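Colleague: Below is query-v4.csv; it holds CSV, C-alpha atoms.
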chain,number,residue,atom,x,y,z
A,368,MET,CA,35.7,111.1,137.1
A,369,ARG,CA,38.0,108.1,137.3
A,370,ILE,CA,35.8,106.1,135.0
A,371,LEU,CA,37.6,107.8,132.1
A,372,PHE,CA,41.0,106.6,133.1
A,373,ALA,CA,42.7,103.2,132.6
A,374,GLU,CA,45.0,103.5,135.6
A,375,PRO,CA,44.4,105.2,139.0
A,376,HIS,CA,47.6,107.3,138.6
A,377,GLU,CA,46.0,109.1,135.6
A,378,PHE,CA,43.2,110.3,137.8
A,379,ALA,CA,45.7,111.5,140.5
A,380,GLN,CA,47.6,113.4,137.8
A,381,LEU,CA,44.4,115.2,136.8
A,382,LEU,CA,43.7,116.2,140.4
A,383,LEU,CA,47.3,117.5,140.9
A,384,SER,CA,47.2,119.4,137.6
A,385,SER,CA,43.9,121.0,138.5
A,386,LYS,CA,44.1,124.6,139.9
A,387,LEU,CA,41.3,123.7,142.3
A,388,PHE,CA,43.6,121.3,144.2
A,389,ILE,CA,46.7,123.5,144.4
A,390,PHE,CA,47.1,125.8,147.4
A,391,ASN,CA,49.3,128.7,148.2
A,392,LYS,CA,52.8,127.7,149.2
A,393,GLY,CA,53.3,130.4,151.9
A,394,ASP,CA,51.9,130.4,155.5
A,395,MET,CA,49.6,133.3,154.9
A,396,PRO,CA,46.9,133.9,152.4
A,397,ILE,CA,47.5,135.9,149.3
A,398,TYR,CA,45.4,138.9,148.2
A,399,MET,CA,44.9,140.9,145.0
A,400,ASP,CA,43.5,144.3,145.2
A,401,LEU,CA,42.2,146.9,142.7
A,402,HIS,CA,43.2,150.6,142.7
A,403,ILE,CA,41.4,152.9,140.4
A,404,VAL,CA,43.7,155.9,139.9
A,405,PRO,CA,42.9,158.5,137.2
A,406,GLY,CA,46.1,159.3,135.3
A,407,ILE,CA,48.2,156.6,136.8
A,408,THR,CA,51.6,156.0,135.1
A,409,ALA,CA,54.0,153.0,135.2
A,410,LYS,CA,56.5,155.2,137.1
A,411,GLY,CA,53.8,156.3,139.6
A,412,ALA,CA,52.8,152.7,140.2
A,413,ALA,CA,56.5,151.7,140.7
A,414,GLU,CA,56.9,154.5,143.3
A,415,ALA,CA,53.9,153.4,145.2
A,416,HIS,CA,55.0,149.8,145.2
A,417,ARG,CA,58.4,150.8,146.5
A,418,LYS,CA,56.7,152.7,149.4
A,419,ASP,CA,54.8,149.6,150.2
A,420,LEU,CA,58.0,147.6,150.3
A,421,HIS,CA,59.7,150.0,152.7
A,422,ILE,CA,57.1,149.4,155.4
A,423,GLN,CA,55.6,145.9,154.6
A,424,LYS,CA,57.2,144.2,157.5
A,425,LYS,CA,55.5,146.5,160.0
A,426,TYR,CA,52.1,145.1,158.7
A,427,LYS,CA,53.4,141.5,158.4
A,428,CYS,CA,52.9,141.7,154.6
A,429,LYS,CA,55.0,140.6,151.7
A,430,CYS,CA,54.4,142.7,148.5
A,431,MET,CA,55.0,140.2,145.7
A,432,THR,CA,54.3,142.3,142.6
A,433,TYR,CA,51.8,144.5,140.8
A,434,TRP,CA,50.2,145.2,137.4
A,435,VAL,CA,49.4,148.6,136.0
A,436,ASP,CA,47.2,149.6,133.1
A,437,GLU,CA,47.7,153.3,132.2
A,438,ALA,CA,44.9,153.2,129.6
A,439,LYS,CA,42.3,151.9,132.1
A,440,ASP,CA,43.6,154.0,135.1
A,441,SER,CA,44.0,150.9,137.2
A,442,ALA,CA,46.6,149.0,139.2
A,443,PHE,CA,46.5,145.6,140.9
A,444,CYS,CA,48.7,144.5,143.8
A,445,LEU,CA,49.5,140.9,144.8
A,446,ILE,CA,50.3,140.7,148.5
A,447,GLU,CA,50.8,138.0,151.0
A,448,ALA,CA,49.2,139.2,154.2
A,449,PRO,CA,47.5,138.0,157.4
A,450,ASP,CA,44.2,139.4,156.4
A,451,PRO,CA,42.6,142.0,154.0
A,452,GLN,CA,42.7,144.8,156.6
A,453,SER,CA,46.5,144.6,156.9
A,454,VAL,CA,46.7,145.2,153.1
A,455,ILE,CA,44.4,148.2,153.3
A,456,GLU,CA,46.3,149.7,156.3
A,457,LEU,CA,49.7,149.1,154.5
A,458,HIS,CA,48.5,151.0,151.4
A,459,ASN,CA,47.0,153.8,153.5
A,460,LYS,CA,50.2,154.4,155.4
A,461,ALA,CA,52.6,153.9,152.4
A,462,HIS,CA,50.9,156.1,149.8
A,463,GLY,CA,47.2,156.6,150.6
A,464,LEU,CA,45.9,155.1,147.4
A,465,MET,CA,42.4,153.7,148.0
A,466,THR,CA,41.7,150.0,147.7
A,467,HIS,CA,38.5,149.7,145.7
A,468,GLN,CA,38.2,145.9,145.9
A,469,ILE,CA,40.3,143.1,147.4
A,470,ILE,CA,39.9,139.3,147.0
A,471,GLU,CA,41.8,136.3,148.3
A,472,VAL,CA,43.5,134.4,145.4
A,473,ASN,CA,45.4,131.2,144.7
A,474,SER,CA,49.0,132.0,143.6
A,475,THR,CA,49.0,129.2,141.0
A,476,VAL,CA,45.8,130.4,139.4
A,477,VAL,CA,47.2,134.0,139.3
A,478,GLU,CA,50.3,132.7,137.5
A,479,SER,CA,48.1,130.8,135.1
A,480,PHE,CA,46.0,133.8,134.2
A,481,LEU,CA,48.6,136.5,134.3
A,482,GLY,CA,51.9,134.7,133.7
A,483,ARG,CA,53.8,135.6,136.9
A,484,ILE,CA,53.5,136.2,140.6
A,485,TYR,CA,56.6,138.3,141.1
A,486,ASP,CA,58.1,141.3,139.2
A,487,PRO,CA,59.1,140.6,135.6
A,488,GLU,CA,62.8,140.0,135.1
A,489,THR,CA,62.9,142.7,132.4
A,490,SER,CA,62.2,146.0,134.1
A,491,GLU,CA,63.5,149.5,133.3
A,492,ILE,CA,65.8,150.7,136.1
A,493,LEU,CA,65.5,154.5,136.7
A,494,GLU,CA,67.4,156.8,139.1
A,495,GLY,CA,67.3,155.5,142.7
A,496,GLN,CA,67.1,151.9,141.5
A,497,LEU,CA,63.3,152.3,140.8
A,498,LYS,CA,62.1,149.3,138.8
A,499,VAL,CA,59.4,150.4,136.3
A,500,PHE,CA,57.3,148.2,134.1
A,501,ASN,CA,54.0,148.7,132.3
A,502,ASP,CA,52.3,145.3,132.5
A,503,PRO,CA,48.5,145.4,132.2
A,504,ALA,CA,46.4,142.8,133.9
A,505,PHE,CA,43.7,142.9,131.3
A,506,ARG,CA,43.2,139.4,129.8
A,507,VAL,CA,41.1,137.8,127.0
A,508,LEU,CA,39.6,134.5,128.2
A,509,MET,CA,38.3,131.7,126.1
A,510,ILE,CA,36.0,129.1,127.5
A,511,ILE,CA,35.7,125.8,125.7
A,512,GLN,CA,32.7,123.7,126.6
A,513,SER,CA,32.0,120.2,125.2
A,514,ALA,CA,29.5,117.4,126.0
A,515,ASP,CA,29.6,116.0,129.5
A,516,PRO,CA,31.9,112.9,129.5
A,517,ILE,CA,29.2,111.0,131.4
A,518,PHE,CA,26.7,111.5,128.5
A,519,LEU,CA,29.4,110.5,126.0
A,520,ILE,CA,30.1,107.3,127.9
A,521,HIS,CA,26.4,106.6,128.1
A,522,ARG,CA,26.1,106.9,124.4
A,523,PHE,CA,29.3,105.5,123.0
A,524,GLY,CA,31.0,103.6,125.8
A,525,LYS,CA,34.2,104.2,127.9
A,526,GLN,CA,36.8,103.2,125.3
A,527,LYS,CA,35.4,105.4,122.5
A,528,THR,CA,34.9,108.3,124.8
A,529,HIS,CA,38.4,108.0,126.3
A,530,LYS,CA,39.9,108.1,122.8
A,531,LEU,CA,37.7,110.9,121.6
A,532,LEU,CA,38.5,113.1,124.6
A,533,LEU,CA,42.3,112.4,124.4
A,534,THR,CA,42.2,113.5,120.7
A,535,PHE,CA,40.2,116.6,121.5
A,536,LYS,CA,42.5,117.6,124.4
A,537,GLY,CA,45.5,117.2,122.1
A,538,ARG,CA,44.0,119.4,119.4
A,539,ILE,CA,43.1,122.0,122.0
A,540,LYS,CA,46.6,122.0,123.3
A,541,ASP,CA,48.2,122.4,119.9
A,542,SER,CA,45.9,125.4,119.0
A,543,ILE,CA,46.6,127.0,122.4
A,544,GLU,CA,50.4,126.8,122.0
A,545,LYS,CA,50.3,128.0,118.4
A,546,CYS,CA,48.2,131.0,119.4
A,547,GLU,CA,50.3,131.9,122.5
A,548,GLY,CA,47.5,131.1,125.0
A,549,LYS,CA,47.9,129.7,128.5
A,550,GLU,CA,45.6,127.0,129.8
A,551,VAL,CA,44.3,128.0,133.2
A,552,GLU,CA,42.0,125.2,134.0
A,553,CYS,CA,40.7,122.0,132.5
A,554,LEU,CA,38.0,120.2,134.5
A,555,ASP,CA,35.2,117.9,133.3
A,556,ALA,CA,33.8,119.4,130.1
A,557,VAL,CA,35.2,123.0,130.5
A,558,THR,CA,38.6,124.4,129.6
A,559,ILE,CA,39.6,128.0,130.4
A,560,VAL,CA,42.4,129.7,128.4
A,561,SER,CA,44.0,133.1,129.0
A,562,PHE,CA,45.4,135.3,126.2
A,563,THR,CA,46.9,138.8,126.1
A,564,SER,CA,45.6,139.3,122.5
A,565,SER,CA,42.0,139.2,121.3
A,566,ILE,CA,43.0,138.4,117.8
A,567,LYS,CA,45.0,135.4,119.1
A,568,ALA,CA,42.1,134.2,121.1
A,569,VAL,CA,39.7,134.3,118.2
A,570,GLU,CA,42.4,132.6,115.9
A,571,CYS,CA,42.7,129.9,118.6
A,572,ALA,CA,38.9,129.3,118.7
A,573,LEU,CA,38.8,129.1,114.9
A,574,SER,CA,41.8,126.7,114.8
A,575,ILE,CA,40.1,124.4,117.3
A,576,GLN,CA,36.9,124.2,115.2
A,577,ASP,CA,38.9,123.7,112.0
A,578,LYS,CA,40.9,120.8,113.5
A,579,LEU,CA,37.7,118.8,114.5
A,580,SER,CA,36.3,116.4,111.9
A,581,VAL,CA,32.6,116.4,111.0
A,582,GLN,CA,32.2,113.3,113.2
A,583,GLU,CA,34.0,114.8,116.1
A,584,LYS,CA,32.0,118.0,116.0
A,585,LYS,CA,28.8,115.9,116.1
A,586,LEU,CA,29.9,113.9,119.0
A,587,LEU,CA,31.6,116.5,121.1
A,588,GLU,CA,29.1,119.4,120.6
A,589,CYS,CA,31.9,121.8,121.3
A,590,LYS,CA,31.0,125.5,121.9
A,591,ILE,CA,33.5,128.3,122.5
A,592,SER,CA,33.0,131.7,124.1
A,593,ILE,CA,35.4,134.6,124.3
A,594,ASN,CA,35.3,137.6,126.8
A,595,ALA,CA,37.8,140.0,128.3
A,596,GLY,CA,38.2,141.9,131.5
A,597,MET,CA,40.2,142.7,134.6
A,598,PRO,CA,41.2,140.2,137.4
A,599,VAL,CA,39.4,142.0,140.2
A,600,SER,CA,35.9,143.5,139.8
A,601,LYS,CA,32.7,142.8,141.6
A,602,SER,CA,33.2,139.0,142.0
A,603,LYS,CA,35.1,137.5,144.9
A,604,ALA,CA,36.9,135.2,142.4
A,605,LEU,CA,39.8,136.0,140.1
A,606,PHE,CA,38.4,137.1,136.7
A,607,GLY,CA,35.0,135.9,138.2
A,608,ASP,CA,32.8,138.4,136.3
A,609,THR,CA,34.6,137.8,133.0
A,610,ILE,CA,34.3,134.0,133.3
A,611,GLN,CA,30.7,134.2,134.4
A,612,PHE,CA,29.6,136.2,131.5
A,613,ALA,CA,31.6,134.1,129.1
A,614,LYS,CA,29.7,131.1,130.3
A,615,ARG,CA,26.4,133.0,130.0
A,616,LEU,CA,27.2,133.6,126.3
A,617,PHE,CA,26.7,129.9,125.7
A,618,TYR,CA,23.0,130.5,126.3
A,619,THR,CA,22.8,132.7,123.2
A,620,THR,CA,23.1,129.8,120.8
A,621,THR,CA,21.4,126.4,120.5
A,622,LYS,CA,23.9,125.2,117.9
A,623,ALA,CA,26.9,123.1,118.7
A,624,ASN,CA,30.3,124.0,117.2
A,625,GLN,CA,29.7,127.7,117.5
A,626,ILE,CA,32.0,130.5,118.6
A,627,VAL,CA,30.4,133.4,120.5
A,628,ALA,CA,32.4,136.5,121.4
A,629,ALA,CA,31.4,139.4,123.8
A,630,SER,CA,30.9,142.8,122.3
A,631,ILE,CA,34.2,144.0,123.9
A,632,ILE,CA,36.1,141.6,121.6
A,633,LYS,CA,34.3,143.1,118.6
A,634,GLU,CA,35.3,146.5,119.8
A,635,ILE,CA,38.9,145.6,120.2
A,636,ILE,CA,39.3,143.9,116.8
A,637,HIS,CA,36.8,146.0,114.9
A,638,LYS,CA,39.0,146.3,111.8
A,639,ASN,CA,39.1,142.5,111.5
A,640,TYR,CA,35.5,141.9,112.5
A,641,PRO,CA,34.0,141.6,109.0
A,642,GLU,CA,36.4,138.7,108.3
A,643,LEU,CA,35.4,137.1,111.6
A,644,LYS,CA,31.7,137.5,110.9
A,645,ASN,CA,32.2,135.6,107.6
A,646,LYS,CA,33.7,132.8,109.6
A,647,LYS,CA,30.6,132.6,111.8
A,648,VAL,CA,31.8,134.2,115.0
A,649,ILE,CA,28.7,135.5,116.7
A,650,THR,CA,28.7,138.7,118.8
A,651,LEU,CA,25.9,140.6,120.6
A,652,SER,CA,25.4,144.3,120.9
A,653,SER,CA,26.2,145.8,124.3
A,654,ASN,CA,22.4,146.4,124.9
A,655,ASP,CA,21.6,142.8,124.2
A,656,GLU,CA,24.4,141.8,126.6
A,657,LYS,CA,22.8,143.9,129.3
A,658,ILE,CA,19.4,142.2,128.8
A,659,LEU,CA,21.0,138.8,128.9
A,660,ASP,CA,23.0,139.7,132.1
A,661,GLN,CA,19.8,141.1,133.7
A,662,PHE,CA,17.8,138.0,132.9
A,663,MET,CA,20.6,135.6,134.1
A,664,ASN,CA,21.1,137.6,137.3
A,665,ILE,CA,17.4,137.2,138.2
A,666,LEU,CA,17.6,133.5,137.3
A,667,GLU,CA,20.6,133.0,139.5
A,668,GLN,CA,18.8,134.7,142.4
A,669,LYS,CA,15.4,133.0,141.9
A,670,SER,CA,16.3,129.7,140.4
A,671,ASN,CA,15.6,127.7,143.5
A,672,ASP,CA,12.0,129.0,143.7
A,673,PRO,CA,9.7,126.7,141.7
A,674,ASN,CA,6.9,129.3,141.8
A,675,VAL,CA,8.9,131.9,139.9
A,676,SER,CA,7.3,132.4,136.5
A,677,VAL,CA,7.9,134.4,133.3
A,678,SER,CA,5.5,137.0,134.8
A,679,ASP,CA,8.0,137.6,137.6
A,680,PHE,CA,10.8,138.2,135.1
A,681,CYS,CA,8.6,140.7,133.2
A,682,LYS,CA,8.0,142.5,136.5
A,683,TYR,CA,11.8,142.6,137.4
A,684,MET,CA,12.8,143.6,133.9
A,685,ALA,CA,9.9,146.1,133.3
A,686,LEU,CA,8.9,144.3,130.1
A,687,SER,CA,5.6,142.9,128.8
A,688,LYS,CA,5.3,139.1,128.3
A,689,SER,CA,5.5,139.6,124.5
A,690,GLY,CA,8.4,142.0,124.9
A,691,LEU,CA,10.3,139.5,127.1
A,692,TYR,CA,9.6,136.6,124.8
A,693,ARG,CA,10.7,138.5,121.8
A,694,LYS,CA,14.0,139.7,123.4
A,695,ILE,CA,14.9,136.3,124.8
A,696,GLN,CA,13.9,134.5,121.6
A,697,ASN,CA,16.2,136.9,119.6
A,698,LEU,CA,19.1,136.5,122.1
A,699,ALA,CA,18.9,132.8,123.0
A,700,ASN,CA,17.0,131.2,120.1
A,701,ARG,CA,14.5,129.7,122.6
A,702,SER,CA,11.7,130.8,124.8
A,703,PRO,CA,12.2,132.2,128.3
A,704,ASN,CA,10.6,129.0,129.8
A,705,SER,CA,13.0,126.8,127.8
A,706,LEU,CA,16.0,128.9,129.0
A,707,ILE,CA,14.9,128.7,132.6
A,708,LYS,CA,14.5,124.9,132.4
A,709,GLU,CA,17.9,124.5,130.8
A,710,PHE,CA,19.5,126.6,133.4
A,711,ARG,CA,17.8,124.6,136.2
A,712,LEU,CA,18.9,121.3,134.7
A,713,GLN,CA,22.5,122.4,134.6
A,714,LYS,CA,22.3,123.7,138.2
A,715,ALA,CA,20.9,120.4,139.3
A,716,MET,CA,23.8,118.6,137.7
A,717,GLU,CA,26.2,120.9,139.5
A,718,PHE,CA,24.6,120.1,142.8
A,719,MET,CA,25.0,116.4,142.2
A,720,LYS,CA,28.6,116.7,141.0
A,721,MET,CA,30.0,119.4,143.4
A,722,GLN,CA,27.9,118.9,146.5
A,723,GLY,CA,27.0,115.2,146.3
A,724,CYS,CA,23.2,115.9,146.4
A,725,ASN,CA,20.8,113.1,145.8
A,726,ILE,CA,18.2,113.4,143.0
A,727,SER,CA,15.5,115.0,145.2
A,728,GLU,CA,17.9,117.4,146.8
A,729,ALA,CA,19.3,118.5,143.5
A,730,ALA,CA,15.9,118.9,142.0
A,731,PHE,CA,14.5,121.1,144.7
A,732,LYS,CA,17.7,123.2,145.1
A,733,ALA,CA,17.5,123.9,141.4
A,734,GLY,CA,13.9,125.0,141.5
A,735,PHE,CA,12.0,122.0,140.1
A,736,SER,CA,8.6,121.4,141.6
A,737,SER,CA,9.2,117.7,142.1
A,738,ALA,CA,11.9,115.0,141.6
A,739,ASP,CA,9.6,113.2,139.1
A,740,TYR,CA,9.3,116.3,136.9
A,741,PHE,CA,13.0,116.8,137.1
A,742,SER,CA,13.7,113.2,136.1
A,743,LYS,CA,11.3,113.6,133.2
A,744,CYS,CA,13.0,116.8,131.9
A,745,PHE,CA,16.4,115.3,132.4
A,746,LEU,CA,15.6,112.2,130.4
A,747,LYS,CA,14.0,114.2,127.6
A,748,THR,CA,17.0,116.6,127.4
A,749,TYR,CA,20.0,114.2,127.9
A,750,GLY,CA,18.7,110.8,127.0
A,751,MET,CA,19.4,109.2,130.4
A,752,LEU,CA,17.8,109.3,133.9
A,753,PRO,CA,19.4,111.5,136.6
A,754,SER,CA,19.7,108.4,138.7
A,755,ASN,CA,22.0,106.8,136.1
A,756,TYR,CA,23.9,110.0,135.8
A,757,LYS,CA,24.4,110.2,139.6
A,758,ASP,CA,25.6,106.5,139.7
A,759,LYS,CA,28.3,107.3,137.2
A,760,LEU,CA,29.7,110.3,139.1
For the file at hand, write its structure as structure tokens.

Modeller:
Amino acid sequence: MRILFAEPHEFAQLLLSSKLFIFNKGDMPIYMDLHIVPGITAKGAAEAHRKDLHIQKKYKCKCMTYWVDEAKDSAFCLIEAPDPQSVIELHNKAHGLMTHQIIEVNSTVVESFLGRIYDPETSEILEGQLKVFNDPAFRVLMIIQSADPIFLIHRFGKQKTHKLLLTFKGRIKDSIEKCEGKEVECLDAVTIVSFTSSIKAVECALSIQDKLSVQEKKLLECKISINAGMPVSKSKALFGDTIQFAKRLFYTTTKANQIVAASIIKEIIHKNYPELKNKKVITLSSNDEKILDQFMNILEQKSNDPNVSVSDFCKYMALSKSGLYRKIQNLANRSPNSLIKEFRLQKAMEFMKMQGCNISEAAFKAGFSSADYFSKCFLKTYGMLPSNYKDKL
């Protein structure tokens, strides 16, 4: 959004630094695949990788590197190839390890999340010049979400907003560097940071909140969520499932300046959890997370249907109306209808921003029964009309 920048080159720098605008340098696409191999070892993964290298040219592939996690019985390969089938055929011929999932990736984004796209320089060399390294791909991701810059400009003007966001960005950067994190993406009101340590991620979140003044907290409405997972799972995007659920965790609190961590974070740092709880880090139980995920999955699938009601959610989730209300109220501190409306408003904003939809298109695609009702809800929630918001994009 160039309205935030004093000079055109500042906006250009934002685009160039954004991982969404950087493409793979090679001529062919790059793929990452998942292998689930019970009992896999670092040496076994190294041997399989070497077998891939011996015949990669036959399949017009370039095996760049891999990650192996002995504790989770998994390995991930990064390969430049003409298509996914070439990768699968290469593995089948080289060592026969099944490819459980494969996705196309951006090499720059891979490096941002995982720190490298080639073999690490420090590797143990065994007999036969076999390079062995045990480098897990499991990462802890922190999502930082603040108020939409357009809303801030509407309330406080361009100059104050620009100064506020520059200060905020600087404090985020300082905390990330101090806690050994790596910024993956910073677009609009969302920043994604990758960590190898859950403790460091939580320390970073607490540090960011501590650095903000009372006034800055009030204006920015900053929320932070933390989740952890593998780079390839069900989603077609790198760390897609981990990021999606981290964003869903924001729906579990109505308060600004709150830190919400997934149950997996609590499990990893269980010895330190009492201390974190005292510092107001919220976590859900694994059962509550399943309920939240189920509700949000249905909402994603049905959000564009204005006729979908709470009764439909009760049917899909096998709950009574009172049961659904109680569970969502406990999880999200708001009623199911309020949560549905908030989700649809955010979807409509995405349609206006990312797809250039007009007000009516965005309203109907997000599941509102009419553009007038959408405008009424938007004004009540955000203090400005969607037409004004659209004009400032």

Colleague: Which centre and which edge lengths, in Å to one decimal, describe the axis-aligned box that holds all listed atoms of segment 467-471 of chain A after 5 Å is added on each side, as lines of an AutoDock Vina configuration file?

Modeller:
center_x = 40.0
center_y = 143.0
center_z = 147.0
size_x = 13.6
size_y = 23.4
size_z = 12.6

Colleague: Between A:Lys549, A:Lys747, A:Lys732, A:Lys418, which residue has the minimum interatomic distance to Phe480 of chain A, considering only C-alpha atoms?

Modeller: A:Lys549

Colleague: In Å, how far is it from atom CA of Gln576 of chain A to atom CA of Gln625 of chain A?

Modeller: 8.3 Å

Colleague: Please indicate the distance in Å from atom CA of Ile695 of chain A to atom CA of Leu659 of chain A, rounded to one decimal place.

Modeller: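 According to the coordinates, atom CA of Ile695 of chain A and atom CA of Leu659 of chain A are separated by 7.8 Å.
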
Colleague: Report, in Å to a single decimal, how far apart atom CA of Asn700 of chain A and atom CA of Thr619 of chain A are.

Modeller: 6.7 Å

Colleague: Considering only C-alpha atoms, can you say which of A:Thr408, A:Ser602, A:Asn473, A:Thr621 comes closest to Asp502 of chain A?

Modeller: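 The answer is A:Thr408, which sits nearest to Asp502 of chain A.
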
Colleague: Restricting the calculation to only C-alpha atoms: of A:Val454, A:Ala442, A:Leu746, A:Met465, which residue gets closest to Phe505 of chain A?

Modeller: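 Answer, going by the shortest atom-to-atom distance: A:Ala442.
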
Colleague: Determine, for each residue of segment 398-482 of chain A having at least one atom at most 10 Å from an atom of segment 591-597 of chain A, the closest pair of atoms and their separation in Å to one decimal, counting only C-alpha atoms; order by chain and ascending number, as a Markdown table.

Modeller:
| residue | atom | partner | partner_atom | distance |
| --- | --- | --- | --- | --- |
| A:Leu401 | CA | A:Met597 | CA | 9.3 |
| A:Asp436 | CA | A:Met597 | CA | 9.9 |
| A:Lys439 | CA | A:Met597 | CA | 9.8 |
| A:Ser441 | CA | A:Met597 | CA | 9.4 |
| A:Phe443 | CA | A:Met597 | CA | 9.4 |

Colleague: Find the spatial neighbours of Ile484 of chain A, counting all atoms listed in the file, within a cut-off of 9 Å - ignore same-chain residues fewer than 4 positions away - and output them as a list in words.

Modeller: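 Returned residues: Met431, Thr432, Tyr433, Leu445, Ser474, Thr475, Val477 and Glu478 of chain A.
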
Colleague: Of the candidates A:Ile636, A:Leu712, A:Cys724, A:Asp758, which one gets nearest to Phe745 of chain A if we count all atoms listed in the file?

Modeller: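 That would be A:Leu712, the residue with the smallest distance to Phe745 of chain A.
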
Colleague: Using all atoms listed in the file, pick whichever of A:Ala699, A:Val569, A:Ile726, A:Cys546 has the shortest atom-to-atom distance to Pro753 of chain A.

Modeller: A:Ile726

Colleague: Supply segment 427-447 of chain A as a tab-separated table (two decimals), in the coordinates of the input, with N, CA and C atoms built in where the input has gaps.

Modeller:
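Result file rebuild25.tsv:
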chain	number	residue	atom	x	y	z
A	427	LYS	N	53.28	142.98	158.61
A	427	LYS	CA	53.40	141.50	158.40
A	427	LYS	C	52.99	141.10	157.01
A	428	CYS	N	53.29	141.95	156.03
A	428	CYS	CA	52.90	141.70	154.60
A	428	CYS	C	54.16	141.42	153.79
A	429	LYS	N	53.93	140.77	152.66
A	429	LYS	CA	55.00	140.60	151.70
A	429	LYS	C	54.42	141.02	150.31
A	430	CYS	N	54.88	142.16	149.80
A	430	CYS	CA	54.40	142.70	148.50
A	430	CYS	C	55.09	141.95	147.39
A	431	MET	N	54.38	141.11	146.71
A	431	MET	CA	55.00	140.20	145.70
A	431	MET	C	55.20	140.91	144.38
A	432	THR	N	54.16	141.58	143.86
A	432	THR	CA	54.30	142.30	142.60
A	432	THR	C	53.02	143.11	142.35
A	433	TYR	N	52.95	143.72	141.16
A	433	TYR	CA	51.80	144.50	140.80
A	433	TYR	C	51.65	144.54	139.29
A	434	TRP	N	50.48	144.95	138.82
A	434	TRP	CA	50.20	145.20	137.40
A	434	TRP	C	49.63	146.58	137.26
A	435	VAL	N	49.97	147.28	136.21
A	435	VAL	CA	49.40	148.60	136.00
A	435	VAL	C	48.94	148.77	134.56
A	436	ASP	N	47.80	149.39	134.42
A	436	ASP	CA	47.20	149.60	133.10
A	436	ASP	C	46.92	151.12	132.97
A	437	GLU	N	47.82	151.83	132.31
A	437	GLU	CA	47.70	153.30	132.20
A	437	GLU	C	46.40	153.64	131.42
A	438	ALA	N	46.05	152.87	130.40
A	438	ALA	CA	44.90	153.20	129.60
A	438	ALA	C	43.59	153.05	130.35
A	439	LYS	N	43.57	152.17	131.33
A	439	LYS	CA	42.30	151.90	132.10
A	439	LYS	C	42.41	152.52	133.51
A	440	ASP	N	43.43	153.34	133.77
A	440	ASP	CA	43.60	154.00	135.10
A	440	ASP	C	43.47	153.06	136.25
A	441	SER	N	44.13	151.93	136.14
A	441	SER	CA	44.00	150.90	137.20
A	441	SER	C	45.32	150.25	137.50
A	442	ALA	N	45.43	149.76	138.73
A	442	ALA	CA	46.60	149.00	139.20
A	442	ALA	C	46.10	147.88	140.09
A	443	PHE	N	46.84	146.76	140.08
A	443	PHE	CA	46.50	145.60	140.90
A	443	PHE	C	47.73	145.15	141.64
A	444	CYS	N	47.60	144.97	142.95
A	444	CYS	CA	48.70	144.50	143.80
A	444	CYS	C	48.50	143.09	144.23
A	445	LEU	N	49.59	142.31	144.29
A	445	LEU	CA	49.50	140.90	144.80
A	445	LEU	C	50.36	140.91	146.08
A	446	ILE	N	49.70	140.60	147.19
A	446	ILE	CA	50.30	140.70	148.50
A	446	ILE	C	50.00	139.55	149.40
A	447	GLU	N	51.04	138.98	149.98
A	447	GLU	CA	50.80	138.00	151.00
A	447	GLU	C	50.66	138.68	152.34
